[in-house]
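**Q** Below are the structure tokens for one structure; questions will follow.
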Amino acid sequence: MTTAPLAFEELCYIALVCLCVQYYYCLQVQLTQPMTVKDCQDGKMITLSNAFDSRPKILNFIYAYVFICSALFLLYIAISTVTGSSDFLLVTFFGIAVCLFAGYRFLNKALQTEKLLVNKTKLTITKSGFLSHQSNSYDISLISNFRHLDKPSTTRHPLAGESFDYLGFQTEQEVINEMHGDNRLAFDYNGTTIKLGENIYSWDFDQLEVILYDITGNDFRYTDDFEKHFESTGQSQQ
């Protein structure tokens, strides 16, 4: 006896259930991996983040899956209704383009990695994602006020219930704070603020400070005004 192949909708449902199980498992474990440091030919390579190493990235992957499946479903509808009007097909293909673009954006965030290459003269920040790659280099001598940006504490939503969040306002606020809060690194460079890293905790920042000082011999925590004041004070004492 032969079995009929699974329909497109059934395959989507099965894949969605698998993703939900995977996301539930990820909620039970600590996803954020410790910062890794390794020697390379041009200095030290510091890995700040990898793909799927945090809960927001897993959530972005699920969003990407939903949008890509929606695009495939719209394409299935467009192919099935070849006799449809031109306006209907135009709207359908526009919806496919929007869903594919949104799916690409979320997938790029889910697969994003960030690394630092540090030597005595420059610091290079490399970000890679799905079909994207960006690398920026900064002169060590122009970096100052290297700091850690704490994630702000979540305040109680004014519309949340007293004993239970019936409408989900407090939960939504916590999710937004988790996905778009700070817990990042930043430094000043030529009058602009450069932000980097995701889910970087204070102990990782302390470790990174020590590594940068060992490689470059500079303490990047101080601002340009403090360094100028320190230099003028030293000259006046001489």
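Chain identifiers are assigned as A, B, and so on, following the order in which chains appear in the structure tokens; residues are numbered from 1 within each chain, and ligands are numbered from 1 in order of appearance.
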Got a sec: who's within 6 Å of range 197-214 of chain A, counting only C-alpha atoms, leaving out chain neighbours fewer than 3 positions off, as a tab-separated table (two decimals) with N, CA and C atoms, in the first residue's frame?
**A**
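Below you can see around-v7.tsv, which holds the result:
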```
chain	number	residue	atom	x	y	z
A	48	LEU	N	33.17	37.66	20.35
A	48	LEU	CA	32.17	38.23	21.24
A	48	LEU	C	30.83	37.53	21.16
A	183	ASN	N	23.68	46.02	27.63
A	183	ASN	CA	24.61	44.94	27.94
A	183	ASN	C	25.61	44.80	26.80
A	184	ARG	N	26.12	45.94	26.37
A	184	ARG	CA	27.04	45.98	25.25
A	184	ARG	C	28.30	46.74	25.66
A	185	LEU	N	29.22	46.88	24.72
A	185	LEU	CA	30.44	47.64	24.93
A	185	LEU	C	30.41	48.87	24.04
A	217	GLY	N	49.21	47.99	25.78
A	217	GLY	CA	49.86	48.81	26.80
A	217	GLY	C	49.09	50.07	27.14
A	218	ASN	N	47.85	50.20	26.63
A	218	ASN	CA	47.02	51.39	26.88
A	218	ASN	C	45.80	51.02	27.70
A	219	ASP	N	45.40	51.96	28.57
A	219	ASP	CA	44.16	51.79	29.32
A	219	ASP	C	43.11	52.67	28.65
```
**Q** Quote the spacing between CA of Ser54 in chain A and CA of Lys38 in chain A in Å to one decimal place.
**A**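 We find that CA of Ser54 in chain A and CA of Lys38 in chain A lie 21.7 Å from each other.
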**Q** With only C-alpha atoms as the counted atoms, please give the residues lying no more than 10 Å from Thr113 in chain A, apart from itself and same-chain residues fewer than 4 positions off, as a list in words.
**A**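 Everything that qualifies: Thr47, Leu48, Ser49, Asn50, Ala51, Phe52, Asp53, Asn108, Lys109, Thr126, Lys127, Ser128, Gly129, Phe130, His133, Gly197 and Glu198 of chain A.
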**Q** Residues as selected, all heavy atoms, written as a CSV table (one decimal), in the first residue's frame, can you do that?
**A**
```
chain,number,residue,atom,x,y,z
A,47,THR,N,36.3,36.5,20.2
A,47,THR,CA,35.0,36.2,19.7
A,47,THR,C,34.0,36.7,20.7
A,47,THR,O,33.9,36.2,21.9
A,47,THR,CB,34.8,34.7,19.5
A,47,THR,OG1,35.7,34.2,18.5
A,47,THR,CG2,33.4,34.4,18.9
A,48,LEU,N,33.2,37.7,20.3
A,48,LEU,CA,32.2,38.2,21.2
A,48,LEU,C,30.8,37.5,21.2
A,48,LEU,O,30.1,37.4,22.2
A,48,LEU,CB,32.0,39.7,20.9
A,48,LEU,CG,33.2,40.6,21.1
A,48,LEU,CD1,32.9,42.1,20.8
A,48,LEU,CD2,33.7,40.6,22.6
A,49,SER,N,30.5,37.1,20.0
A,49,SER,CA,29.2,36.4,19.8
A,49,SER,C,29.2,35.5,18.6
A,49,SER,O,30.0,35.7,17.7
A,49,SER,CB,28.0,37.4,19.6
A,49,SER,OG,28.2,38.2,18.4
A,50,ASN,N,28.4,34.4,18.7
A,50,ASN,CA,28.2,33.4,17.6
A,50,ASN,C,26.7,33.3,17.3
A,50,ASN,O,25.9,33.9,17.9
A,50,ASN,CB,28.8,32.1,18.1
A,50,ASN,CG,30.3,32.0,18.2
A,50,ASN,OD1,31.0,32.3,17.2
A,50,ASN,ND2,30.8,31.7,19.4
A,51,ALA,N,26.5,32.6,16.2
A,51,ALA,CA,25.1,32.3,15.8
A,51,ALA,C,24.4,31.5,16.8
A,51,ALA,O,25.0,30.6,17.4
A,51,ALA,CB,25.1,31.6,14.4
A,52,PHE,N,23.1,31.8,17.1
A,52,PHE,CA,22.2,31.0,18.0
A,52,PHE,C,22.8,31.0,19.4
A,52,PHE,O,22.6,30.0,20.1
A,52,PHE,CB,22.0,29.6,17.5
A,52,PHE,CG,21.5,29.6,16.1
A,52,PHE,CD1,22.2,29.0,15.0
A,52,PHE,CD2,20.2,30.0,15.8
A,52,PHE,CE1,21.7,29.0,13.7
A,52,PHE,CE2,19.7,30.0,14.5
A,52,PHE,CZ,20.4,29.5,13.5
A,53,ASP,N,23.5,32.0,19.9
A,53,ASP,CA,24.1,31.9,21.2
A,53,ASP,C,23.3,32.7,22.2
A,53,ASP,O,23.8,32.8,23.4
A,53,ASP,CB,25.6,32.4,21.2
A,53,ASP,CG,25.6,33.9,20.8
A,53,ASP,OD1,24.6,34.5,20.4
A,53,ASP,OD2,26.7,34.5,20.9
A,108,ASN,N,19.5,37.0,9.2
A,108,ASN,CA,20.8,37.6,9.3
A,108,ASN,C,21.1,37.9,10.8
A,108,ASN,O,22.2,37.7,11.2
A,108,ASN,CB,20.8,38.9,8.5
A,108,ASN,CG,22.2,39.5,8.4
A,108,ASN,OD1,23.1,38.9,7.9
A,108,ASN,ND2,22.3,40.7,9.0
A,109,LYS,N,20.1,38.3,11.5
A,109,LYS,CA,20.3,38.6,13.0
A,109,LYS,C,20.6,37.3,13.7
A,109,LYS,O,21.4,37.3,14.7
A,109,LYS,CB,19.1,39.4,13.6
A,109,LYS,CG,18.9,40.8,13.0
A,109,LYS,CD,17.7,41.4,13.7
A,109,LYS,CE,17.6,42.9,13.2
A,109,LYS,NZ,16.4,43.5,13.8
A,126,THR,N,34.7,42.8,13.2
A,126,THR,CA,34.2,42.1,12.1
A,126,THR,C,32.9,41.5,12.5
A,126,THR,O,32.8,40.7,13.5
A,126,THR,CB,35.2,41.0,11.7
A,126,THR,OG1,36.4,41.5,11.3
A,126,THR,CG2,34.6,40.2,10.4
A,127,LYS,N,31.8,41.8,11.7
A,127,LYS,CA,30.5,41.3,11.9
A,127,LYS,C,30.1,40.5,10.6
A,127,LYS,O,30.2,41.0,9.5
A,127,LYS,CB,29.5,42.4,12.1
A,127,LYS,CG,29.7,43.2,13.4
A,127,LYS,CD,28.6,44.3,13.6
A,127,LYS,CE,28.9,45.1,14.9
A,127,LYS,NZ,27.8,46.1,15.0
A,128,SER,N,29.6,39.3,10.8
A,128,SER,CA,29.2,38.4,9.7
A,128,SER,C,27.8,37.9,10.0
A,128,SER,O,27.5,37.6,11.2
A,128,SER,CB,30.2,37.3,9.5
A,128,SER,OG,31.5,37.8,9.3
A,129,GLY,N,27.1,37.7,9.0
A,129,GLY,CA,25.7,37.2,9.1
A,129,GLY,C,25.4,36.3,7.9
A,129,GLY,O,26.3,35.8,7.2
A,130,PHE,N,24.1,36.2,7.6
A,130,PHE,CA,23.7,35.4,6.4
A,130,PHE,C,23.9,36.3,5.2
A,130,PHE,O,23.2,37.3,5.0
A,130,PHE,CB,22.3,35.0,6.6
A,130,PHE,CG,21.7,34.2,5.4
A,130,PHE,CD1,22.2,32.9,5.2
A,130,PHE,CD2,20.8,34.7,4.6
A,130,PHE,CE1,21.7,32.1,4.2
A,130,PHE,CE2,20.3,33.9,3.5
A,130,PHE,CZ,20.8,32.7,3.3
A,133,HIS,N,28.8,40.7,5.4
A,133,HIS,CA,30.1,40.7,6.1
A,133,HIS,C,30.5,42.2,6.2
A,133,HIS,O,30.5,42.9,5.2
A,133,HIS,CB,31.1,39.9,5.3
A,133,HIS,CG,32.5,39.9,6.0
A,133,HIS,ND1,32.8,39.1,7.0
A,133,HIS,CD2,33.6,40.7,5.7
A,133,HIS,CE1,34.1,39.3,7.4
A,133,HIS,NE2,34.6,40.3,6.6
A,197,GLY,N,29.3,44.3,20.4
A,197,GLY,CA,29.0,43.2,21.3
A,197,GLY,C,27.5,43.1,21.6
A,197,GLY,O,26.7,44.1,21.5
A,198,GLU,N,27.1,41.9,22.0
A,198,GLU,CA,25.7,41.7,22.5
A,198,GLU,C,25.8,40.7,23.7
A,198,GLU,O,26.5,39.7,23.7
A,198,GLU,CB,24.9,41.0,21.4
A,198,GLU,CG,24.5,42.0,20.2
A,198,GLU,CD,23.7,41.3,19.2
A,198,GLU,OE1,23.3,40.1,19.4
A,198,GLU,OE2,23.3,42.0,18.2
```
**Q** List the spatial neighbours of Ile140 in chain A as an MDAnalysis selection string - criterion: any atom at most 7 Å away, only C-alpha atoms, same-chain residues fewer than 3 positions off excluded.
**A** chainID A and resid 121:123 143
**Q** Generate a file of the selected residues that holds N, CA, C and O atoms, formatted as a PDB file, in the first residue's frame.
**A**
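Resulting contents of part.pdb:
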```pdb
ATOM      1  N   THR A 121      48.574  48.311  17.048  1.00  0.00           N
ATOM      2  CA  THR A 121      48.289  49.537  16.292  1.00  0.00           C
ATOM      3  C   THR A 121      46.816  49.752  15.981  1.00  0.00           C
ATOM      4  O   THR A 121      46.379  50.887  15.832  1.00  0.00           O
ATOM      5  N   LYS A 122      46.034  48.688  15.880  1.00  0.00           N
ATOM      6  CA  LYS A 122      44.638  48.873  15.493  1.00  0.00           C
ATOM      7  C   LYS A 122      43.742  47.808  16.110  1.00  0.00           C
ATOM      8  O   LYS A 122      44.196  46.741  16.532  1.00  0.00           O
ATOM      9  N   LEU A 123      42.452  48.137  16.128  1.00  0.00           N
ATOM     10  CA  LEU A 123      41.403  47.231  16.583  1.00  0.00           C
ATOM     11  C   LEU A 123      40.408  47.072  15.445  1.00  0.00           C
ATOM     12  O   LEU A 123      39.871  48.060  14.944  1.00  0.00           O
ATOM     13  N   ILE A 143      41.325  55.685  20.405  1.00  0.00           N
ATOM     14  CA  ILE A 143      40.250  55.065  21.187  1.00  0.00           C
ATOM     15  C   ILE A 143      40.322  55.536  22.641  1.00  0.00           C
ATOM     16  O   ILE A 143      41.406  55.551  23.239  1.00  0.00           O
TER      17      ILE A 143
END
```
